[in-house]
file entry05.pdb (PDB, C-alpha atoms and all ligand atoms)
ATOM      1  CA  MET A   1      96.284 -77.687 -91.035  1.00  0.00           C
ATOM      2  CA  ARG A   2      95.841 -81.400 -90.453  1.00  0.00           C
ATOM      3  CA  PHE A   3      96.662 -83.274 -87.231  1.00  0.00           C
ATOM      4  CA  ASP A   4      96.711 -87.036 -86.757  1.00  0.00           C
ATOM      5  CA  ILE A   5      96.722 -88.299 -83.162  1.00  0.00           C
ATOM      6  CA  PHE A   6      97.763 -91.894 -82.503  1.00  0.00           C
ATOM      7  CA  THR A   7      96.654 -93.162 -79.103  1.00  0.00           C
ATOM      8  CA  LEU A   8      95.337 -96.134 -77.149  1.00  0.00           C
ATOM      9  CA  PHE A   9      92.695 -93.820 -75.653  1.00  0.00           C
ATOM     10  CA  PRO A  10      90.968 -91.851 -78.433  1.00  0.00           C
ATOM     11  CA  GLU A  11      87.881 -91.482 -76.210  1.00  0.00           C
ATOM     12  CA  VAL A  12      89.966 -89.339 -73.836  1.00  0.00           C
ATOM     13  CA  CYS A  13      90.850 -86.919 -76.649  1.00  0.00           C
ATOM     14  CA  ALA A  14      87.538 -86.737 -78.508  1.00  0.00           C
ATOM     15  CA  PRO A  15      85.490 -84.535 -76.134  1.00  0.00           C
ATOM     16  CA  TYR A  16      88.139 -81.825 -75.911  1.00  0.00           C
ATOM     17  CA  LEU A  17      88.496 -81.754 -79.695  1.00  0.00           C
ATOM     18  CA  GLN A  18      84.736 -81.406 -80.193  1.00  0.00           C
ATOM     19  CA  ALA A  19      84.176 -78.598 -77.699  1.00  0.00           C
ATOM     20  CA  SER A  20      84.561 -74.864 -77.985  1.00  0.00           C
ATOM     21  CA  MET A  21      87.074 -73.254 -80.341  1.00  0.00           C
ATOM     22  CA  LEU A  22      88.680 -76.470 -81.619  1.00  0.00           C
ATOM     23  CA  GLY A  23      85.249 -77.912 -82.473  1.00  0.00           C
ATOM     24  CA  ARG A  24      84.374 -74.734 -84.359  1.00  0.00           C
ATOM     25  CA  ALA A  25      87.773 -74.661 -86.109  1.00  0.00           C
ATOM     26  CA  GLN A  26      87.081 -78.152 -87.483  1.00  0.00           C
ATOM     27  CA  GLN A  27      83.539 -77.251 -88.551  1.00  0.00           C
ATOM     28  CA  ASN A  28      84.971 -74.235 -90.377  1.00  0.00           C
ATOM     29  CA  GLY A  29      87.600 -76.353 -92.130  1.00  0.00           C
ATOM     30  CA  LEU A  30      90.499 -74.459 -90.545  1.00  0.00           C
ATOM     31  CA  ILE A  31      91.888 -77.613 -88.941  1.00  0.00           C
ATOM     32  CA  ALA A  32      91.216 -81.306 -89.470  1.00  0.00           C
ATOM     33  CA  VAL A  33      91.941 -83.901 -86.786  1.00  0.00           C
ATOM     34  CA  GLY A  34      92.252 -87.637 -87.300  1.00  0.00           C
ATOM     35  CA  LEU A  35      91.987 -89.699 -84.092  1.00  0.00           C
ATOM     36  CA  HIS A  36      93.485 -93.152 -84.513  1.00  0.00           C
ATOM     37  CA  ASP A  37      93.155 -96.011 -82.052  1.00  0.00           C
ATOM     38  CA  ILE A  38      96.474 -97.886 -82.128  1.00  0.00           C
ATOM     39  CA  ARG A  39      94.719-100.990 -80.784  1.00  0.00           C
ATOM     40  CA  SER A  40      92.685-101.308 -83.987  1.00  0.00           C
ATOM     41  CA  TRP A  41      95.940-102.106 -85.858  1.00  0.00           C
ATOM     42  CA  THR A  42      96.814-105.113 -83.691  1.00  0.00           C
ATOM     43  CA  THR A  43      96.626-108.439 -85.521  1.00  0.00           C
ATOM     44  CA  ASP A  44      96.600-110.890 -82.580  1.00  0.00           C
ATOM     45  CA  ARG A  45      93.466-112.341 -81.044  1.00  0.00           C
ATOM     46  CA  HIS A  46      93.750-110.367 -77.810  1.00  0.00           C
ATOM     47  CA  HIS A  47      94.686-107.013 -79.390  1.00  0.00           C
ATOM     48  CA  VAL A  48      97.798-106.724 -77.279  1.00  0.00           C
ATOM     49  CA  THR A  49      99.582-103.350 -77.406  1.00  0.00           C
ATOM     50  CA  ASP A  50     102.054-103.740 -74.535  1.00  0.00           C
ATOM     51  CA  ASP A  51     104.415-106.339 -73.150  1.00  0.00           C
ATOM     52  CA  ALA A  52     106.931-106.904 -70.359  1.00  0.00           C
ATOM     53  CA  PRO A  53     110.324-105.187 -70.689  1.00  0.00           C
ATOM     54  CA  TYR A  54     113.347-107.173 -71.886  1.00  0.00           C
ATOM     55  CA  GLY A  55     115.864-107.217 -69.052  1.00  0.00           C
ATOM     56  CA  GLY A  56     113.119-107.482 -66.478  1.00  0.00           C
ATOM     57  CA  GLY A  57     111.833-104.949 -64.018  1.00  0.00           C
ATOM     58  CA  GLY A  58     108.393-103.549 -63.495  1.00  0.00           C
ATOM     59  CA  GLY A  59     105.950-101.865 -65.807  1.00  0.00           C
ATOM     60  CA  MET A  60     104.851-102.543 -69.347  1.00  0.00           C
ATOM     61  CA  VAL A  61     106.267-101.292 -72.632  1.00  0.00           C
ATOM     62  CA  MET A  62     104.243-100.280 -75.682  1.00  0.00           C
ATOM     63  CA  LYS A  63     104.966-102.677 -78.524  1.00  0.00           C
ATOM     64  CA  ALA A  64     106.553-101.372 -81.724  1.00  0.00           C
ATOM     65  CA  GLU A  65     104.468-103.311 -84.225  1.00  0.00           C
ATOM     66  CA  PRO A  66     100.975-101.838 -83.701  1.00  0.00           C
ATOM     67  CA  VAL A  67     102.422 -98.315 -83.565  1.00  0.00           C
ATOM     68  CA  PHE A  68     104.388 -98.710 -86.822  1.00  0.00           C
ATOM     69  CA  THR A  69     101.389-100.359 -88.513  1.00  0.00           C
ATOM     70  CA  ALA A  70      99.006 -97.599 -87.425  1.00  0.00           C
ATOM     71  CA  VAL A  71     101.262 -94.683 -88.374  1.00  0.00           C
ATOM     72  CA  GLU A  72     102.287 -96.192 -91.720  1.00  0.00           C
ATOM     73  CA  ALA A  73      98.697 -97.142 -92.616  1.00  0.00           C
ATOM     74  CA  VAL A  74      97.551 -93.545 -92.099  1.00  0.00           C
ATOM     75  CA  LEU A  75     100.633 -91.571 -93.156  1.00  0.00           C
ATOM     76  CA  GLY A  76     102.552 -93.894 -95.473  1.00  0.00           C
ATOM     77  CA  SER A  77     106.075 -95.217 -95.215  1.00  0.00           C
ATOM     78  CA  PRO A  78     107.977 -93.075 -94.632  1.00  0.00           C
ATOM     79  CA  PRO A  79     105.268 -90.846 -93.082  1.00  0.00           C
ATOM     80  CA  VAL A  80     104.276 -87.773 -95.120  1.00  0.00           C
ATOM     81  CA  CYS A  81     104.660 -85.440 -92.112  1.00  0.00           C
ATOM     82  CA  PRO A  82     106.700 -85.040 -88.927  1.00  0.00           C
ATOM     83  CA  VAL A  83     105.815 -87.582 -86.228  1.00  0.00           C
ATOM     84  CA  VAL A  84     106.030 -86.003 -82.777  1.00  0.00           C
ATOM     85  CA  LEU A  85     106.336 -88.212 -79.723  1.00  0.00           C
ATOM     86  CA  LEU A  86     105.060 -86.677 -76.476  1.00  0.00           C
ATOM     87  CA  THR A  87     107.554 -87.584 -73.763  1.00  0.00           C
ATOM     88  CA  PRO A  88     109.210 -86.024 -70.698  1.00  0.00           C
ATOM     89  CA  GLN A  89     112.510 -86.631 -72.525  1.00  0.00           C
ATOM     90  CA  GLY A  90     111.627 -84.290 -75.397  1.00  0.00           C
ATOM     91  CA  ARG A  91     112.596 -80.671 -75.998  1.00  0.00           C
ATOM     92  CA  THR A  92     110.395 -78.324 -73.993  1.00  0.00           C
ATOM     93  CA  PHE A  93     107.232 -77.093 -75.686  1.00  0.00           C
ATOM     94  CA  THR A  94     107.137 -73.291 -75.834  1.00  0.00           C
ATOM     95  CA  GLN A  95     105.242 -70.651 -77.799  1.00  0.00           C
ATOM     96  CA  ALA A  96     108.197 -70.603 -80.234  1.00  0.00           C
ATOM     97  CA  VAL A  97     107.747 -74.343 -80.890  1.00  0.00           C
ATOM     98  CA  ALA A  98     103.988 -73.813 -81.299  1.00  0.00           C
ATOM     99  CA  MET A  99     104.736 -71.135 -83.929  1.00  0.00           C
ATOM    100  CA  GLU A 100     107.178 -73.466 -85.684  1.00  0.00           C
ATOM    101  CA  PHE A 101     104.557 -76.255 -85.856  1.00  0.00           C
ATOM    102  CA  SER A 102     101.807 -73.862 -86.996  1.00  0.00           C
ATOM    103  CA  ARG A 103     103.740 -73.288 -90.234  1.00  0.00           C
ATOM    104  CA  LEU A 104     103.405 -76.999 -91.131  1.00  0.00           C
ATOM    105  CA  PRO A 105     100.523 -78.312 -93.245  1.00  0.00           C
ATOM    106  CA  HIS A 106     100.376 -81.616 -91.373  1.00  0.00           C
ATOM    107  CA  LEU A 107     101.556 -82.948 -88.008  1.00  0.00           C
ATOM    108  CA  ALA A 108     101.272 -86.365 -86.352  1.00  0.00           C
ATOM    109  CA  LEU A 109     101.166 -86.695 -82.558  1.00  0.00           C
ATOM    110  CA  LEU A 110     102.081 -90.046 -81.034  1.00  0.00           C
ATOM    111  CA  CYS A 111     100.872 -90.727 -77.494  1.00  0.00           C
ATOM    112  CA  GLY A 112     102.744 -93.245 -75.409  1.00  0.00           C
ATOM    113  CA  HIS A 113     101.169 -94.937 -72.440  1.00  0.00           C
ATOM    114  CA  TYR A 114     102.201 -97.412 -69.733  1.00  0.00           C
ATOM    115  CA  GLU A 115     105.796 -97.136 -68.539  1.00  0.00           C
ATOM    116  CA  GLY A 116     107.196 -96.277 -71.942  1.00  0.00           C
ATOM    117  CA  ILE A 117     107.489 -97.228 -75.593  1.00  0.00           C
ATOM    118  CA  ASP A 118     109.780 -99.630 -77.397  1.00  0.00           C
ATOM    119  CA  GLU A 119     112.944 -97.676 -78.233  1.00  0.00           C
ATOM    120  CA  ARG A 120     112.728 -98.685 -81.918  1.00  0.00           C
ATOM    121  CA  ILE A 121     109.643 -96.465 -82.302  1.00  0.00           C
ATOM    122  CA  ARG A 122     111.694 -93.507 -81.122  1.00  0.00           C
ATOM    123  CA  GLN A 123     114.663 -94.432 -83.312  1.00  0.00           C
ATOM    124  CA  HIS A 124     112.941 -95.307 -86.577  1.00  0.00           C
ATOM    125  CA  LEU A 125     109.484 -93.701 -86.679  1.00  0.00           C
ATOM    126  CA  VAL A 126     109.507 -90.571 -84.534  1.00  0.00           C
ATOM    127  CA  THR A 127     111.032 -87.402 -86.003  1.00  0.00           C
ATOM    128  CA  ASP A 128     110.649 -85.068 -83.004  1.00  0.00           C
ATOM    129  CA  GLU A 129     110.205 -85.471 -79.239  1.00  0.00           C
ATOM    130  CA  ILE A 130     108.324 -82.878 -77.198  1.00  0.00           C
ATOM    131  CA  SER A 131     107.810 -82.439 -73.456  1.00  0.00           C
ATOM    132  CA  VAL A 132     105.068 -80.161 -72.156  1.00  0.00           C
ATOM    133  CA  GLY A 133     106.835 -79.699 -68.836  1.00  0.00           C
ATOM    134  CA  ASP A 134     108.972 -81.247 -66.151  1.00  0.00           C
ATOM    135  CA  TYR A 135     106.405 -83.500 -64.535  1.00  0.00           C
ATOM    136  CA  VAL A 136     105.380 -87.057 -65.338  1.00  0.00           C
ATOM    137  CA  LEU A 137     101.933 -87.979 -66.638  1.00  0.00           C
ATOM    138  CA  THR A 138     100.366 -91.394 -67.264  1.00  0.00           C
ATOM    139  CA  GLY A 139     100.295 -90.936 -71.038  1.00  0.00           C
ATOM    140  CA  GLY A 140     100.827 -88.595 -73.955  1.00  0.00           C
ATOM    141  CA  GLU A 141      97.155 -87.758 -74.540  1.00  0.00           C
ATOM    142  CA  LEU A 142      97.026 -84.539 -72.498  1.00  0.00           C
ATOM    143  CA  PRO A 143     100.368 -83.342 -73.941  1.00  0.00           C
ATOM    144  CA  ALA A 144      99.106 -84.065 -77.479  1.00  0.00           C
ATOM    145  CA  LEU A 145      95.983 -81.982 -76.799  1.00  0.00           C
ATOM    146  CA  ILE A 146      98.134 -79.195 -75.365  1.00  0.00           C
ATOM    147  CA  VAL A 147     100.281 -79.116 -78.507  1.00  0.00           C
ATOM    148  CA  LEU A 148      97.274 -79.302 -80.831  1.00  0.00           C
ATOM    149  CA  ASP A 149      95.488 -76.540 -78.905  1.00  0.00           C
ATOM    150  CA  ALA A 150      98.443 -74.149 -78.774  1.00  0.00           C
ATOM    151  CA  VAL A 151      99.251 -74.692 -82.471  1.00  0.00           C
ATOM    152  CA  SER A 152      95.635 -74.440 -83.673  1.00  0.00           C
ATOM    153  CA  ARG A 153      94.962 -71.097 -82.053  1.00  0.00           C
ATOM    154  CA  LEU A 154      97.861 -69.612 -84.049  1.00  0.00           C
ATOM    155  CA  ILE A 155      96.121 -70.510 -87.316  1.00  0.00           C
ATOM    156  CA  PRO A 156      94.361 -67.431 -88.721  1.00  0.00           C
ATOM    157  CA  GLY A 157      90.598 -67.556 -88.081  1.00  0.00           C
ATOM    158  CA  VAL A 158      90.685 -70.121 -85.252  1.00  0.00           C
ATOM    159  CA  LEU A 159      90.373 -67.394 -82.622  1.00  0.00           C
ATOM    160  CA  GLY A 160      87.248 -65.293 -83.123  1.00  0.00           C
ATOM    161  CA  ASP A 161      89.311 -62.118 -82.694  1.00  0.00           C
ATOM    162  CA  PRO A 162      90.746 -60.721 -85.960  1.00  0.00           C
ATOM    163  CA  ASP A 163      93.852 -59.632 -83.987  1.00  0.00           C
ATOM    164  CA  GLY A 164      94.270 -63.295 -83.168  1.00  0.00           C
ATOM    165  CA  ALA A 165      97.099 -64.316 -80.911  1.00  0.00           C
ATOM    166  CA  GLN A 166      99.216 -61.171 -81.232  1.00  0.00           C
ATOM    167  CA  ASP A 167      98.403 -59.861 -77.697  1.00  0.00           C
ATOM    168  CA  ASP A 168      99.103 -63.173 -75.964  1.00  0.00           C
ATOM    169  CA  SER A 169     101.492 -63.641 -73.143  1.00  0.00           C
ATOM    170  CA  PHE A 170     104.659 -64.995 -74.738  1.00  0.00           C
ATOM    171  CA  ALA A 171     103.799 -63.590 -78.193  1.00  0.00           C
ATOM    172  CA  SER A 172     104.985 -60.239 -76.801  1.00  0.00           C
ATOM    173  CA  GLY A 173     107.400 -61.975 -74.429  1.00  0.00           C
ATOM    174  CA  LEU A 174     105.521 -60.428 -71.491  1.00  0.00           C
ATOM    175  CA  LEU A 175     102.808 -61.752 -69.198  1.00  0.00           C
ATOM    176  CA  GLU A 176      99.386 -60.320 -69.915  1.00  0.00           C
ATOM    177  CA  TYR A 177      97.984 -57.190 -68.334  1.00  0.00           C
ATOM    178  CA  PRO A 178      94.851 -57.553 -66.113  1.00  0.00           C
ATOM    179  CA  HIS A 179      91.445 -57.783 -67.806  1.00  0.00           C
ATOM    180  CA  TYR A 180      88.113 -56.444 -66.580  1.00  0.00           C
ATOM    181  CA  THR A 181      84.537 -56.623 -67.835  1.00  0.00           C
ATOM    182  CA  ARG A 182      81.160 -55.414 -66.512  1.00  0.00           C
ATOM    183  CA  PRO A 183      80.152 -54.417 -63.901  1.00  0.00           C
ATOM    184  CA  VAL A 184      82.335 -51.421 -63.023  1.00  0.00           C
ATOM    185  CA  SER A 185      81.899 -52.257 -59.323  1.00  0.00           C
ATOM    186  CA  PHE A 186      81.683 -55.849 -58.050  1.00  0.00           C
ATOM    187  CA  ARG A 187      81.422 -56.330 -54.266  1.00  0.00           C
ATOM    188  CA  GLY A 188      82.988 -52.924 -53.908  1.00  0.00           C
ATOM    189  CA  TRP A 189      85.999 -53.841 -56.054  1.00  0.00           C
ATOM    190  CA  ASN A 190      86.294 -51.326 -58.835  1.00  0.00           C
ATOM    191  CA  VAL A 191      87.663 -51.414 -62.356  1.00  0.00           C
ATOM    192  CA  PRO A 192      90.760 -49.178 -62.633  1.00  0.00           C
ATOM    193  CA  GLU A 193      89.670 -45.661 -63.545  1.00  0.00           C
ATOM    194  CA  VAL A 194      91.997 -45.401 -66.555  1.00  0.00           C
ATOM    195  CA  LEU A 195      90.135 -48.205 -68.388  1.00  0.00           C
ATOM    196  CA  LEU A 196      86.924 -46.146 -68.232  1.00  0.00           C
ATOM    197  CA  SER A 197      88.622 -42.948 -69.394  1.00  0.00           C
ATOM    198  CA  GLY A 198      88.307 -43.500 -73.143  1.00  0.00           C
ATOM    199  CA  ASN A 199      91.898 -42.248 -73.481  1.00  0.00           C
ATOM    200  CA  HIS A 200      93.354 -44.970 -75.680  1.00  0.00           C
ATOM    201  CA  ALA A 201      96.966 -43.837 -75.481  1.00  0.00           C
ATOM    202  CA  GLN A 202      96.775 -43.782 -71.677  1.00  0.00           C
ATOM    203  CA  ILE A 203      95.057 -47.206 -71.634  1.00  0.00           C
ATOM    204  CA  ALA A 204      97.760 -48.669 -73.874  1.00  0.00           C
ATOM    205  CA  ARG A 205     100.487 -47.249 -71.592  1.00  0.00           C
ATOM    206  CA  TRP A 206      98.749 -48.576 -68.458  1.00  0.00           C
ATOM    207  CA  ARG A 207      98.413 -52.049 -69.993  1.00  0.00           C
ATOM    208  CA  ARG A 208     102.042 -52.045 -71.070  1.00  0.00           C
ATOM    209  CA  GLU A 209     103.160 -51.055 -67.568  1.00  0.00           C
ATOM    210  CA  GLN A 210     100.928 -53.664 -65.931  1.00  0.00           C
ATOM    211  CA  ALA A 211     102.393 -56.306 -68.262  1.00  0.00           C
ATOM    212  CA  LEU A 212     105.916 -55.157 -67.381  1.00  0.00           C
ATOM    213  CA  LEU A 213     105.081 -55.095 -63.638  1.00  0.00           C
ATOM    214  CA  ARG A 214     103.634 -58.630 -63.684  1.00  0.00           C
ATOM    215  CA  THR A 215     106.528 -59.971 -65.674  1.00  0.00           C
ATOM    216  CA  TRP A 216     109.057 -58.266 -63.393  1.00  0.00           C
ATOM    217  CA  GLN A 217     107.303 -59.680 -60.296  1.00  0.00           C
ATOM    218  CA  ARG A 218     106.577 -63.199 -61.545  1.00  0.00           C
ATOM    219  CA  ARG A 219     108.875 -64.023 -64.459  1.00  0.00           C
ATOM    220  CA  PRO A 220     111.950 -61.765 -64.412  1.00  0.00           C
ATOM    221  CA  ASP A 221     113.677 -64.374 -66.624  1.00  0.00           C
ATOM    222  CA  LEU A 222     111.398 -63.304 -69.495  1.00  0.00           C
ATOM    223  CA  LEU A 223     112.525 -59.668 -69.288  1.00  0.00           C
ATOM    224  CA  GLU A 224     116.130 -60.544 -70.054  1.00  0.00           C
ATOM    225  CA  LYS A 225     115.288 -61.832 -73.540  1.00  0.00           C
ATOM    226  CA  LEU A 226     113.234 -58.780 -74.469  1.00  0.00           C
ATOM    227  CA  GLU A 227     113.645 -55.663 -76.561  1.00  0.00           C
ATOM    228  CA  LEU A 228     112.360 -52.789 -74.436  1.00  0.00           C
ATOM    229  CA  SER A 229     111.562 -49.214 -75.368  1.00  0.00           C
ATOM    230  CA  GLU A 230     113.127 -46.296 -73.491  1.00  0.00           C
ATOM    231  CA  LYS A 231     109.802 -45.757 -71.673  1.00  0.00           C
ATOM    232  CA  ASP A 232     109.684 -49.444 -70.676  1.00  0.00           C
ATOM    233  CA  ARG A 233     113.227 -49.216 -69.339  1.00  0.00           C
ATOM    234  CA  GLN A 234     112.426 -46.110 -67.283  1.00  0.00           C
ATOM    235  CA  PHE A 235     109.352 -47.796 -65.826  1.00  0.00           C
ATOM    236  CA  LEU A 236     111.369 -50.866 -64.783  1.00  0.00           C
ATOM    237  CA  GLN A 237     114.096 -48.661 -63.290  1.00  0.00           C
ATOM    238  CA  ARG A 238     111.406 -46.934 -61.229  1.00  0.00           C
ATOM    239  CA  LEU A 239     110.159 -50.325 -59.999  1.00  0.00           C
ATOM    240  CA  ALA A 240     113.685 -51.366 -59.068  1.00  0.00           C
ATOM    241  CA  ALA A 241     114.309 -48.047 -57.274  1.00  0.00           C
ATOM    242  CA  GLU A 242     111.018 -48.337 -55.333  1.00  0.00           C
ATOM    243  CA  GLN A 243     112.021 -51.830 -54.232  1.00  0.00           C
ATOM    244  CA  THR A 244     115.418 -50.745 -52.877  1.00  0.00           C
ATOM    245  CA  ASP A 245     113.602 -47.915 -50.981  1.00  0.00           C
ATOM    246  CA  LEU A 246     111.532 -50.474 -49.025  1.00  0.00           C
TER     247      LEU A 246
HETATM  248  C1  LIG B 301     104.283 -93.358 -71.349  1.00  0.00           C
HETATM  249  C2  LIG B 301     103.814 -91.052 -71.485  1.00  0.00           C
HETATM  250  C3  LIG B 301     103.809 -90.028 -72.420  1.00  0.00           C
HETATM  251  C4  LIG B 301     104.048 -90.764 -70.152  1.00  0.00           C
HETATM  252  C5  LIG B 301     104.666 -87.081 -70.297  1.00  0.00           C
HETATM  253  C6  LIG B 301     105.040 -86.009 -71.074  1.00  0.00           C
HETATM  254  C7  LIG B 301     105.332 -84.985 -70.199  1.00  0.00           C
HETATM  255  N1  LIG B 301     105.790 -83.743 -70.463  1.00  0.00           N
HETATM  256  N2  LIG B 301     105.148 -85.417 -68.989  1.00  0.00           N
HETATM  257  N3  LIG B 301     104.730 -86.696 -69.038  1.00  0.00           N
HETATM  258  C8  LIG B 301     104.340 -88.445 -70.712  1.00  0.00           C
HETATM  259  C9  LIG B 301     104.088 -88.738 -72.037  1.00  0.00           C
HETATM  260  C10 LIG B 301     104.315 -89.447 -69.750  1.00  0.00           C
HETATM  261  O1  LIG B 301     103.559 -92.314 -71.920  1.00  0.00           O
END

call {"tool": "encode", "arguments": {"input": "entry05.pdb", "output": "structure tokens"}}
result
Amino acid sequence: MRFDIFTLFPEVCAPYLQASMLGRAQQNGLIAVGLHDIRSWTTDRHHVTDDAPYGGGGGMVMKAEPVFTAVEAVLGSPPVCPVVLLTPQGRTFTQAVAMEFSRLPHLALLCGHYEGIDERIRQHLVTDEISVGDYVLTGGELPALIVLDAVSRLIPGVLGDPDGAQDDSFASGLLEYPHYTRPVSFRGWNVPEVLLSGNHAQIARWRREQALLRTWQRRPDLLEKLELSEKDRQFLQRLAAEQTDL
């Protein structure tokens, strides 16, 4: 899959893309990332990318021209792939959206900065608007990296594990069960006995119940959307009964 990121701050994005799993995924040809500095498509002497808002008021607005020029130079006119704007006004990014994007061969991510972008970019260039959460950042660079990261790890081979992303929180609709590695005892805190038992059916049941318990405690909203087995249902009924006993 190919990603093209359009930003005024490519140097902010580059280190994250080079490190760890995303760096390896590029080396292995599983993903390709183009990082494009919008400023390099300005044609004026001072390479201006922002200007004061019509109608007055504070803050600066990203100019339409350099953004259109950059995106069309790289992706053609009209662009060959969806152009996603990262903005608090977009639809919320979820694992389902990450899965949707991971089926595409090519995705462009457009990072705003300053107070906002000229509305004509949104109207006539952008095809999709995504928010990574209900909080306000200084620019779209971190959201673009979040989207690229979440989408990339769904591409087969990007995770080292052959089982890939299938055990993830949100893939199952549940929060993850607790993980432990060596040593068995750390500062007197021990790994749960069942994980050392070698009984794989019992381990699977324990993990399932821990995932259900965590989800019930922390994100009960997730349980409502879920298909549960009879055993799962009994376990949750037990939890509910124990709670009313307290
Ligand atoms: C002006 C931006 C771009 C400013 C943002 C996106 C989310 N979910 N929070 N904040 C954001 C994106 C803020 O450029």

call {"tool": "residues_around", "arguments": {"input": "entry05.pdb", "residues": "segment 78-89 of chain A", "least_positions_apart": "5", "cutoff": "12 Å", "atoms": "all atoms listed in the file", "output": "count of residues only"}}
result
59

call {"tool": "residues_around", "arguments": {"input": "entry05.pdb", "residues": "Leu213 of chain A", "least_positions_apart": "5", "cutoff": "10 Å", "atoms": "all atoms listed in the file", "output": "PyMOL selection string"}}
result
chain A and resi 174-177+207-208+218-220+235-236+239

call {"tool": "atom_distance", "arguments": {"input": "entry05.pdb", "atom1": "atom CA of Arg182 of chain A", "atom2": "atom CA of Ser20 of chain A"}}
result
22.8 Å

call {"tool": "atom_distance", "arguments": {"input": "entry05.pdb", "atom1": "atom CA of Tyr16 of chain A", "atom2": "atom CA of Leu35 of chain A"}}
result
12.0 Å

call {"tool": "axis_aligned_box", "arguments": {"input": "entry05.pdb", "around": "ligand LIG 301 (chain B)", "padding_each_side": "3 Å", "output": "JSON"}}
result
{"center_x": 104.7, "center_y": -88.6, "center_z": -70.7, "size_x": 8.2, "size_y": 15.6, "size_z": 9.4}

call {"tool": "resolve_selection", "arguments": {"input": "entry05.pdb", "expression": "the PyMOL selection byres (((chain A and resi 98) around 10) and not hetatm)", "output": "PDB file with C-alpha atoms, in the frame of the given file"}}
result
ATOM      1  CA  PHE A  93     107.232 -77.093 -75.686  1.00  0.00           C
ATOM      2  CA  THR A  94     107.137 -73.291 -75.834  1.00  0.00           C
ATOM      3  CA  GLN A  95     105.242 -70.651 -77.799  1.00  0.00           C
ATOM      4  CA  ALA A  96     108.197 -70.603 -80.234  1.00  0.00           C
ATOM      5  CA  VAL A  97     107.747 -74.343 -80.890  1.00  0.00           C
ATOM      6  CA  MET A  99     104.736 -71.135 -83.929  1.00  0.00           C
ATOM      7  CA  GLU A 100     107.178 -73.466 -85.684  1.00  0.00           C
ATOM      8  CA  PHE A 101     104.557 -76.255 -85.856  1.00  0.00           C
ATOM      9  CA  SER A 102     101.807 -73.862 -86.996  1.00  0.00           C
ATOM     10  CA  ARG A 103     103.740 -73.288 -90.234  1.00  0.00           C
ATOM     11  CA  ILE A 146      98.134 -79.195 -75.365  1.00  0.00           C
ATOM     12  CA  VAL A 147     100.281 -79.116 -78.507  1.00  0.00           C
ATOM     13  CA  LEU A 148      97.274 -79.302 -80.831  1.00  0.00           C
ATOM     14  CA  ASP A 149      95.488 -76.540 -78.905  1.00  0.00           C
ATOM     15  CA  ALA A 150      98.443 -74.149 -78.774  1.00  0.00           C
ATOM     16  CA  VAL A 151      99.251 -74.692 -82.471  1.00  0.00           C
ATOM     17  CA  SER A 152      95.635 -74.440 -83.673  1.00  0.00           C
ATOM     18  CA  ARG A 153      94.962 -71.097 -82.053  1.00  0.00           C
ATOM     19  CA  LEU A 154      97.861 -69.612 -84.049  1.00  0.00           C
TER      20      LEU A 154
END

call {"tool": "resolve_selection", "arguments": {"input": "entry05.pdb", "expression": "the PyMOL selection byres (((chain A and resi 159) around 12) and not hetatm)", "output": "ChimeraX atom specification"}}
result
/A:20-25,28,30,149-158,160-166,168

call {"tool": "atom_distance", "arguments": {"input": "entry05.pdb", "atom1": "atom CA of Ala240 of chain A", "atom2": "atom CA of Gly173 of chain A"}}
result
19.7 Å
